[in-house]
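Everything below belongs to target-v1.pdb, which stores PDB, C-alpha atoms and all ligand atoms.
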ATOM      1  CA  MET A 130       5.501  -6.778  20.973
ATOM      2  CA  ASN A 131       2.567  -6.355  18.630
ATOM      3  CA  ASN A 132       0.279  -9.224  17.742
ATOM      4  CA  SER A 133       0.244 -10.794  14.344
ATOM      5  CA  ILE A 134      -2.749  -9.502  12.332
ATOM      6  CA  ILE A 135      -1.965 -11.443   9.143
ATOM      7  CA  SER A 136      -0.411 -14.870   9.114
ATOM      8  CA  VAL A 137       0.493 -16.530   5.825
ATOM      9  CA  LYS A 138       1.740 -20.107   5.955
ATOM     10  CA  ASN A 139       3.208 -22.002   3.038
ATOM     11  CA  LEU A 140       1.144 -20.124   0.467
ATOM     12  CA  LYS A 141       1.289 -21.500  -3.057
ATOM     13  CA  LYS A 142      -0.293 -20.183  -6.233
ATOM     14  CA  GLN A 143      -0.184 -22.082  -9.452
ATOM     15  CA  TYR A 144      -1.315 -20.765 -12.845
ATOM     16  CA  GLY A 145      -1.564 -23.889 -14.996
ATOM     17  CA  ASN A 146       1.844 -25.553 -14.716
ATOM     18  CA  PHE A 147       3.539 -22.389 -13.556
ATOM     19  CA  GLU A 148       4.089 -21.895  -9.834
ATOM     20  CA  ALA A 149       4.012 -18.132  -9.272
ATOM     21  CA  VAL A 150       4.061 -18.317  -5.452
ATOM     22  CA  LYS A 151       6.190 -21.126  -4.084
ATOM     23  CA  GLY A 152       5.202 -21.741  -0.501
ATOM     24  CA  ILE A 153       5.775 -18.418   1.204
ATOM     25  CA  SER A 154       5.214 -17.711   4.891
ATOM     26  CA  PHE A 155       5.195 -14.408   6.739
ATOM     27  CA  GLU A 156       3.411 -12.474   9.432
ATOM     28  CA  VAL A 157       2.276  -8.869   9.458
ATOM     29  CA  LEU A 158       2.083  -7.277  12.903
ATOM     30  CA  GLU A 159      -0.772  -5.126  14.072
ATOM     31  CA  GLY A 160      -0.063  -1.431  13.507
ATOM     32  CA  GLU A 161       2.976  -1.816  11.302
ATOM     33  CA  ILE A 162       3.682  -0.634   7.784
ATOM     34  CA  PHE A 163       4.790  -3.765   5.994
ATOM     35  CA  GLY A 164       6.375  -3.571   2.553
ATOM     36  CA  LEU A 165       6.287  -6.245  -0.101
ATOM     37  CA  LEU A 166       9.178  -5.588  -2.451
ATOM     38  CA  GLY A 167      10.435  -7.434  -5.475
ATOM     39  CA  PRO A 168      10.920  -7.300  -9.220
ATOM     40  CA  ASN A 169       7.962  -7.481 -11.595
ATOM     41  CA  GLY A 170       6.613 -10.994 -11.798
ATOM     42  CA  ALA A 171       7.900 -11.947  -8.327
ATOM     43  CA  GLY A 172       4.439 -12.900  -7.104
ATOM     44  CA  LYS A 173       3.561  -9.847  -4.990
ATOM     45  CA  SER A 174       0.159  -9.119  -6.549
ATOM     46  CA  SER A 175      -0.802 -12.779  -6.532
ATOM     47  CA  THR A 176       0.023 -12.963  -2.814
ATOM     48  CA  LEU A 177      -1.782  -9.753  -1.911
ATOM     49  CA  GLU A 178      -4.853 -10.463  -4.000
ATOM     50  CA  ILE A 179      -5.180 -13.863  -2.354
ATOM     51  CA  ILE A 180      -5.082 -12.237   1.097
ATOM     52  CA  GLU A 181      -7.560  -9.618  -0.139
ATOM     53  CA  THR A 182      -9.913 -12.508  -1.091
ATOM     54  CA  LEU A 183      -9.794 -11.428  -4.744
ATOM     55  CA  ARG A 184      -7.924 -14.503  -6.025
ATOM     56  CA  THR A 185      -8.026 -18.137  -5.013
ATOM     57  CA  LYS A 186      -4.937 -19.835  -3.637
ATOM     58  CA  THR A 187      -3.637 -23.220  -4.638
ATOM     59  CA  SER A 188      -2.675 -24.175  -1.077
ATOM     60  CA  GLY A 189      -1.524 -22.787   2.232
ATOM     61  CA  GLU A 190      -3.150 -21.182   5.252
ATOM     62  CA  ILE A 191      -4.077 -17.544   5.692
ATOM     63  CA  ILE A 192      -5.393 -16.015   8.890
ATOM     64  CA  VAL A 193      -6.435 -12.360   8.970
ATOM     65  CA  ASP A 194      -7.290 -10.868  12.355
ATOM     66  CA  GLY A 195      -8.129 -14.322  13.656
ATOM     67  CA  TYR A 196     -10.311 -15.280  10.685
ATOM     68  CA  ASN A 197      -9.358 -18.127   8.406
ATOM     69  CA  LEU A 198      -9.579 -17.133   4.742
ATOM     70  CA  ASP A 199     -11.038 -20.522   3.807
ATOM     71  CA  THR A 200     -13.945 -20.341   6.210
ATOM     72  CA  HIS A 201     -14.519 -16.606   6.847
ATOM     73  CA  PRO A 202     -13.713 -14.645   3.682
ATOM     74  CA  ASN A 203     -16.625 -12.271   4.287
ATOM     75  CA  HIS A 204     -15.364 -11.350   7.751
ATOM     76  CA  ILE A 205     -12.000 -10.584   6.212
ATOM     77  CA  LYS A 206     -13.568  -8.401   3.511
ATOM     78  CA  GLN A 207     -15.206  -6.310   6.195
ATOM     79  CA  ILE A 208     -11.985  -5.413   7.984
ATOM     80  CA  ILE A 209      -9.735  -4.659   5.029
ATOM     81  CA  GLY A 210      -9.505  -1.716   2.652
ATOM     82  CA  VAL A 211      -8.113  -2.260  -0.818
ATOM     83  CA  GLN A 212      -6.851   0.541  -3.020
ATOM     84  CA  LEU A 213      -8.359   0.566  -6.480
ATOM     85  CA  GLN A 214      -6.325   1.587  -9.470
ATOM     86  CA  THR A 215      -7.242   5.200 -10.186
ATOM     87  CA  SER A 216      -8.667   4.090 -13.537
ATOM     88  CA  GLY A 217     -11.427   2.362 -11.561
ATOM     89  CA  PHE A 218     -13.285   5.571 -10.640
ATOM     90  CA  TYR A 219     -16.065   7.128 -12.701
ATOM     91  CA  PRO A 220     -14.262  10.200 -14.065
ATOM     92  CA  GLY A 221     -17.375  12.369 -14.370
ATOM     93  CA  LEU A 222     -18.569  12.031 -10.755
ATOM     94  CA  THR A 223     -17.506  14.436  -8.016
ATOM     95  CA  LEU A 224     -15.451  13.218  -5.065
ATOM     96  CA  VAL A 225     -18.444  13.456  -2.753
ATOM     97  CA  GLU A 226     -20.586  11.494  -5.197
ATOM     98  CA  LEU A 227     -17.924   8.803  -5.505
ATOM     99  CA  ILE A 228     -17.542   8.467  -1.733
ATOM    100  CA  ASN A 229     -21.285   8.245  -1.271
ATOM    101  CA  LEU A 230     -21.426   5.597  -3.978
ATOM    102  CA  PHE A 231     -18.785   3.477  -2.204
ATOM    103  CA  ALA A 232     -20.369   4.100   1.179
ATOM    104  CA  GLY A 233     -23.609   2.767  -0.264
ATOM    105  CA  LEU A 234     -21.877  -0.330  -1.614
ATOM    106  CA  TYR A 235     -20.256  -0.964   1.765
ATOM    107  CA  ASN A 236     -23.474  -0.073   3.521
ATOM    108  CA  GLN A 237     -21.490   2.322   5.715
ATOM    109  CA  PRO A 238     -22.689   5.730   6.826
ATOM    110  CA  ILE A 239     -19.856   8.155   6.158
ATOM    111  CA  ASN A 240     -19.318  11.903   6.242
ATOM    112  CA  ALA A 241     -17.718  12.475   2.846
ATOM    113  CA  PHE A 242     -16.361  15.914   3.793
ATOM    114  CA  GLU A 243     -14.644  14.590   6.938
ATOM    115  CA  LEU A 244     -13.066  11.802   4.941
ATOM    116  CA  LEU A 245     -11.877  14.208   2.243
ATOM    117  CA  ASP A 246     -10.470  16.470   4.951
ATOM    118  CA  LYS A 247      -8.390  13.548   6.247
ATOM    119  CA  VAL A 248      -6.634  13.256   2.910
ATOM    120  CA  ASN A 249      -6.420  17.015   2.394
ATOM    121  CA  LEU A 250      -8.977  17.133  -0.414
ATOM    122  CA  LYS A 251     -11.821  19.041   1.211
ATOM    123  CA  ASP A 252     -11.365  21.891  -1.249
ATOM    124  CA  LYS A 253     -11.910  19.435  -4.075
ATOM    125  CA  ALA A 254     -15.121  17.923  -2.705
ATOM    126  CA  LYS A 255     -17.179  19.197  -5.622
ATOM    127  CA  ALA A 256     -14.510  18.595  -8.262
ATOM    128  CA  LYS A 257     -14.883  15.731 -10.703
ATOM    129  CA  PHE A 258     -12.415  12.890 -10.349
ATOM    130  CA  LYS A 259     -11.005  13.547 -13.830
ATOM    131  CA  GLU A 260     -10.138  17.108 -12.782
ATOM    132  CA  LEU A 261      -7.676  15.951 -10.103
ATOM    133  CA  SER A 262      -3.897  15.866 -10.464
ATOM    134  CA  GLY A 263      -2.037  12.547 -10.192
ATOM    135  CA  GLY A 264      -1.213  13.101  -6.520
ATOM    136  CA  GLN A 265      -4.773  14.095  -5.698
ATOM    137  CA  LYS A 266      -6.112  11.010  -7.475
ATOM    138  CA  GLN A 267      -3.838   8.823  -5.377
ATOM    139  CA  ARG A 268      -4.867  10.589  -2.167
ATOM    140  CA  PHE A 269      -8.491  10.100  -3.134
ATOM    141  CA  SER A 270      -8.002   6.427  -3.857
ATOM    142  CA  ILE A 271      -6.386   6.023  -0.431
ATOM    143  CA  ALA A 272      -9.390   7.808   1.103
ATOM    144  CA  THR A 273     -11.700   5.241  -0.462
ATOM    145  CA  THR A 274      -9.807   2.434   1.284
ATOM    146  CA  LEU A 275     -10.846   4.005   4.608
ATOM    147  CA  ILE A 276     -14.604   4.109   3.978
ATOM    148  CA  ASN A 277     -15.356   0.866   5.801
ATOM    149  CA  LYS A 278     -13.063   1.864   8.712
ATOM    150  CA  PRO A 279     -10.751  -1.079   8.044
ATOM    151  CA  LYS A 280      -8.120  -2.497  10.391
ATOM    152  CA  ILE A 281      -5.791  -3.204   7.488
ATOM    153  CA  ILE A 282      -5.301  -1.381   4.203
ATOM    154  CA  PHE A 283      -3.478  -2.574   1.109
ATOM    155  CA  LEU A 284      -1.720   0.011  -1.041
ATOM    156  CA  ASP A 285      -0.387  -1.100  -4.404
ATOM    157  CA  GLU A 286       2.385   1.197  -5.673
ATOM    158  CA  PRO A 287       0.593   4.284  -4.349
ATOM    159  CA  THR A 288       3.230   6.812  -5.461
ATOM    160  CA  THR A 289       4.132   5.525  -8.916
ATOM    161  CA  GLY A 290       4.362   8.377 -11.411
ATOM    162  CA  LEU A 291       4.104  11.200  -8.865
ATOM    163  CA  ASP A 292       6.453  14.147  -8.565
ATOM    164  CA  PRO A 293       8.738  14.335  -5.484
ATOM    165  CA  GLN A 294       6.454  16.756  -3.619
ATOM    166  CA  ALA A 295       3.350  14.659  -4.170
ATOM    167  CA  ARG A 296       5.242  11.519  -3.099
ATOM    168  CA  ARG A 297       6.228  13.172   0.147
ATOM    169  CA  SER A 298       2.683  14.291   0.769
ATOM    170  CA  LEU A 299       1.500  10.700   0.255
ATOM    171  CA  TRP A 300       4.140   9.452   2.712
ATOM    172  CA  GLU A 301       2.807  11.852   5.351
ATOM    173  CA  LEU A 302      -0.735  10.662   4.681
ATOM    174  CA  ILE A 303       0.285   7.005   4.961
ATOM    175  CA  LYS A 304       2.115   7.686   8.237
ATOM    176  CA  ASP A 305      -0.943   9.547   9.582
ATOM    177  CA  ILE A 306      -3.219   6.625   8.749
ATOM    178  CA  ARG A 307      -0.874   4.266  10.570
ATOM    179  CA  LYS A 308      -0.714   6.618  13.562
ATOM    180  CA  GLN A 309      -4.443   6.109  13.932
ATOM    181  CA  GLY A 310      -3.838   2.396  14.387
ATOM    182  CA  THR A 311      -4.388   1.020  10.888
ATOM    183  CA  THR A 312      -2.039  -1.698   9.690
ATOM    184  CA  ILE A 313      -0.699  -0.974   6.203
ATOM    185  CA  ILE A 314       0.661  -3.304   3.571
ATOM    186  CA  ILE A 315       2.320  -1.552   0.692
ATOM    187  CA  THR A 316       4.062  -2.535  -2.502
ATOM    188  CA  THR A 317       6.530  -0.180  -4.105
ATOM    189  CA  HIS A 318       9.429  -0.192  -6.522
ATOM    190  CA  TYR A 319      10.946   2.827  -4.782
ATOM    191  CA  MET A 320      13.460   1.627  -2.242
ATOM    192  CA  ASP A 321      13.798   5.082  -0.659
ATOM    193  CA  GLU A 322      10.069   5.001  -0.037
ATOM    194  CA  ALA A 323      10.240   1.555   1.555
ATOM    195  CA  GLU A 324      13.161   2.680   3.706
ATOM    196  CA  ILE A 325      11.295   5.744   4.949
ATOM    197  CA  LEU A 326       7.869   4.177   5.446
ATOM    198  CA  CYS A 327       8.198   0.506   6.257
ATOM    199  CA  ASP A 328       8.807  -0.990   9.684
ATOM    200  CA  ARG A 329       9.602  -4.267   7.970
ATOM    201  CA  VAL A 330       9.856  -5.437   4.400
ATOM    202  CA  ALA A 331       9.752  -8.801   2.704
ATOM    203  CA  ILE A 332      11.763  -9.099  -0.483
ATOM    204  CA  VAL A 333      10.123 -11.517  -2.878
ATOM    205  CA  ASP A 334      11.827 -13.032  -5.889
ATOM    206  CA  SER A 335      10.534 -15.773  -8.183
ATOM    207  CA  GLY A 336       7.704 -16.635  -5.827
ATOM    208  CA  GLN A 337       9.846 -16.899  -2.703
ATOM    209  CA  ILE A 338      10.668 -14.602   0.187
ATOM    210  CA  ILE A 339      14.422 -14.167   0.124
ATOM    211  CA  ALA A 340      14.685 -11.692   3.009
ATOM    212  CA  ILE A 341      12.394 -10.306   5.667
ATOM    213  CA  ALA A 342      13.402  -7.743   8.301
ATOM    214  CA  SER A 343      13.440  -4.022   8.993
ATOM    215  CA  PRO A 344      15.115  -1.935   6.271
ATOM    216  CA  ASP A 345      17.758  -0.960   8.842
ATOM    217  CA  LYS A 346      18.592  -4.565   9.649
ATOM    218  CA  LEU A 347      18.780  -5.552   5.982
ATOM    219  CA  ILE A 348      21.143  -2.659   5.263
ATOM    220  CA  ASP A 349      23.287  -3.437   8.328
ATOM    221  CA  ASP A 350      23.493  -7.098   7.310
ATOM    222  CA  LEU A 351      24.624  -6.142   3.822
ATOM    223  CA  VAL A 352      27.278  -3.804   5.184
ATOM    224  CA  ALA A 353      28.424  -6.474   7.657
ATOM    225  CA  SER A 354      28.875  -8.867   4.745
ATOM    226  CA  GLY A 355      31.546  -6.543   3.377
ATOM    227  CA  PHE A 356      29.437  -4.677   0.837
ATOM    228  CA  GLU A 357      30.595  -1.185  -0.004
ATOM    229  CA  ARG A 358      29.110   1.340  -2.371
ATOM    230  CA  PRO A 359      31.321   1.753  -5.415
ATOM    231  CA  LYS A 360      31.791   5.489  -4.926
ATOM    232  CA  GLU A 361      31.775   7.848  -2.016
ATOM    233  CA  VAL A 362      28.272   8.866  -1.101
ATOM    234  CA  LYS A 363      27.632  12.586  -1.224
ATOM    235  CA  LYS A 364      25.753  14.268   1.566
ATOM    236  CA  ALA A 365      22.856  15.011  -0.774
ATOM    237  CA  ASN A 366      21.399  13.544  -3.920
ATOM    238  CA  LEU A 367      19.641  14.994  -6.950
ATOM    239  CA  GLU A 368      16.261  14.595  -5.289
ATOM    240  CA  ASP A 369      17.498  16.736  -2.374
ATOM    241  CA  VAL A 370      18.539  19.360  -4.930
ATOM    242  CA  PHE A 371      15.132  19.200  -6.599
ATOM    243  CA  ILE A 372      13.232  19.566  -3.322
ATOM    244  CA  SER A 373      15.545  22.266  -2.054
ATOM    245  CA  LEU A 374      15.081  24.294  -5.266
ATOM    246  CA  THR A 375      11.369  23.726  -5.804
ATOM    247  CA  GLY A 376      10.203  23.476  -2.186
ATOM    248  CA  HIS A 377       7.989  20.994  -0.385
ATOM    249  CA  SER A 378       4.648  22.448  -1.350
ATOM    250  CA  ILE A 379       2.516  20.461  -3.706
ATOM    251  CA  ARG A 380       2.013  21.778  -7.254
ATOM    252  CA  GLU A 381      -1.195  20.266  -8.286
ATOM    253  CA  GLU A 382      -3.301  23.115  -9.506
TER     254      GLU A 382
HETATM  255  P1  LIG A 401       4.188  -9.134  -9.222
HETATM  256  O1  LIG A 401       3.004  -8.507  -8.580
HETATM  257  O2  LIG A 401       5.322  -9.352  -8.264
HETATM  258  O3  LIG A 401       4.645  -8.392 -10.451
HETATM  259  P2  LIG A 401       2.371 -11.251 -10.054
HETATM  260  O4  LIG A 401       1.819 -11.889  -8.851
HETATM  261  O5  LIG A 401       1.527 -10.267 -10.788
HETATM  262  O6  LIG A 401       3.803 -10.609  -9.688
HETATM  263  O7  LIG A 401       2.809 -12.374 -11.090
HETATM  264  C1  LIG A 401       3.634 -13.458 -10.746
HETATM  265  C2  LIG A 401       3.781 -14.371 -11.943
HETATM  266  O8  LIG A 401       2.542 -15.015 -12.190
HETATM  267  C3  LIG A 401       4.167 -13.659 -13.229
HETATM  268  O9  LIG A 401       5.055 -14.498 -13.938
HETATM  269  C4  LIG A 401       2.864 -13.523 -13.963
HETATM  270  O10 LIG A 401       3.058 -13.515 -15.345
HETATM  271  C5  LIG A 401       2.100 -14.762 -13.515
HETATM  272  N1  LIG A 401       0.653 -14.537 -13.484
HETATM  273  C6  LIG A 401      -0.001 -13.603 -12.761
HETATM  274  N2  LIG A 401      -1.331 -13.692 -12.943
HETATM  275  C7  LIG A 401      -1.535 -14.696 -13.833
HETATM  276  C8  LIG A 401      -2.694 -15.264 -14.413
HETATM  277  N3  LIG A 401      -3.914 -14.840 -14.129
HETATM  278  N4  LIG A 401      -2.505 -16.303 -15.272
HETATM  279  C9  LIG A 401      -1.264 -16.761 -15.551
HETATM  280  N5  LIG A 401      -0.133 -16.274 -15.033
HETATM  281  C10 LIG A 401      -0.246 -15.244 -14.181
END

Before anything else, please render the file you have as structure tokens.
Amino acid sequence: MNNSIISVKNLKKQYGNFEAVKGISFEVLEGEIFGLLGPNGAGKSSTLEIIETLRTKTSGEIIVDGYNLDTHPNHIKQIIGVQLQTSGFYPGLTLVELINLFAGLYNQPINAFELLDKVNLKDKAKAKFKELSGGQKQRFSIATTLINKPKIIFLDEPTTGLDPQARRSLWELIKDIRKQGTTIIITTHYMDEAEILCDRVAIVDSGQIIAIASPDKLIDDLVASGFERPKEVKKANLEDVFISLTGHSIREE
């Protein structure tokens, strides 16, 4: 059994009179891919940004890798990697220049080419950020989360807007990062993605966790409750058709 690397107890976040996060508790285990799912406005970003030390909480206790958020926020910052929105990168700088810029900010020596190789972007080392495709931009933004060699990375809807091939390539990258021992917390609106990637998911609604378990267990529980799909499920879906016709290779150039 893995150890807990993040522990959230009775977390509350209030914006004025509005309680966006209503006393949620959960643990993330070391080495797992943990999904935070829920409709827009459920409180996912508020929760994650509090753990990331980017927002203040109203109350509750958060421990990350043994450090209490209240007393050791700087220790926590050093062991986490947070994905920036792709709009946060200087478009006119090359990938190597951007990595060196971040490495300087983190005060971390880093071999930019090795890092780009990890995310399959070595060929683009001298390309400007604005010249990348959507999938490449996402892969690059994931690379930047790894600069400080974090124990935990946070990915916020990393595959939104990507074509099926690019999504699959991102899934492989995320699985590779986990294989190397990094714990990953991800938000997504794609349930197929959560099912494929996540060891466990928490479903958040109106500021509360309404379910938390492995995707398999949640599906089994639903089936056991008597749920049936309204029509017979075919052995393939339209996405299978798309991938089968257009292949797995990425079309970014
Ligand atoms: P999610 O990430 O699940 O979409 P958020 O955490 O962004 O949810 O938002 C939860 C709720 O809190 C929403 O109703 C949102 O409008 C509200 N909210 C988020 N940030 C602020 C803020 N800075 N001020 C006021 N209300 C906010």

So which residues get picked by the PyMOL selection byres (((chain A and resi 235-247) around 12) and not hetatm) here, written as an MDAnalysis selection string?
chainID A and resid 206:210 223:234 248:256 265:266 268:279 299 301:303 305:306 309

Test item: residues no farther than 10 Å from ligand LIG 401 (chain A), counting all atoms listed in the file, as a PyMOL selection string:
chain A and resi 142-150+165-179+184+285+316+333-336

Let me make sure I understand: among A:Gly164, A:Pro293, A:Gly189, A:Gly355, which one has the smallest atom-to-atom distance to Lys151 in chain A if we use all atoms listed in the file?
A:Gly189

May I ask which of the residues A:Thr311, A:Gly290, A:Asp194, A:Glu368 is the closest one to Asn132 in chain A, counting all atoms listed in the file?
A:Asp194

Shortest interatomic distance to Leu347 in chain A - which of A:Val330, A:Val362, A:Leu374, A:Ile134, counting only C-alpha atoms:
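Of A:Val330, A:Val362, A:Leu374, A:Ile134, the one nearest Leu347 in chain A, counting only C-alpha atoms, is A:Val330.
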
If you measure from CA of Gln294 in chain A to CA of Ile325 in chain A, what distance in Å do you get, rounded to one decimal?
14.8 Å

Given all atoms listed in the file as the basis, pick out the residue of A:Glu361, A:Ile180, A:Glu260, A:Asp349 nearest to His201 in chain A.
A:Ile180
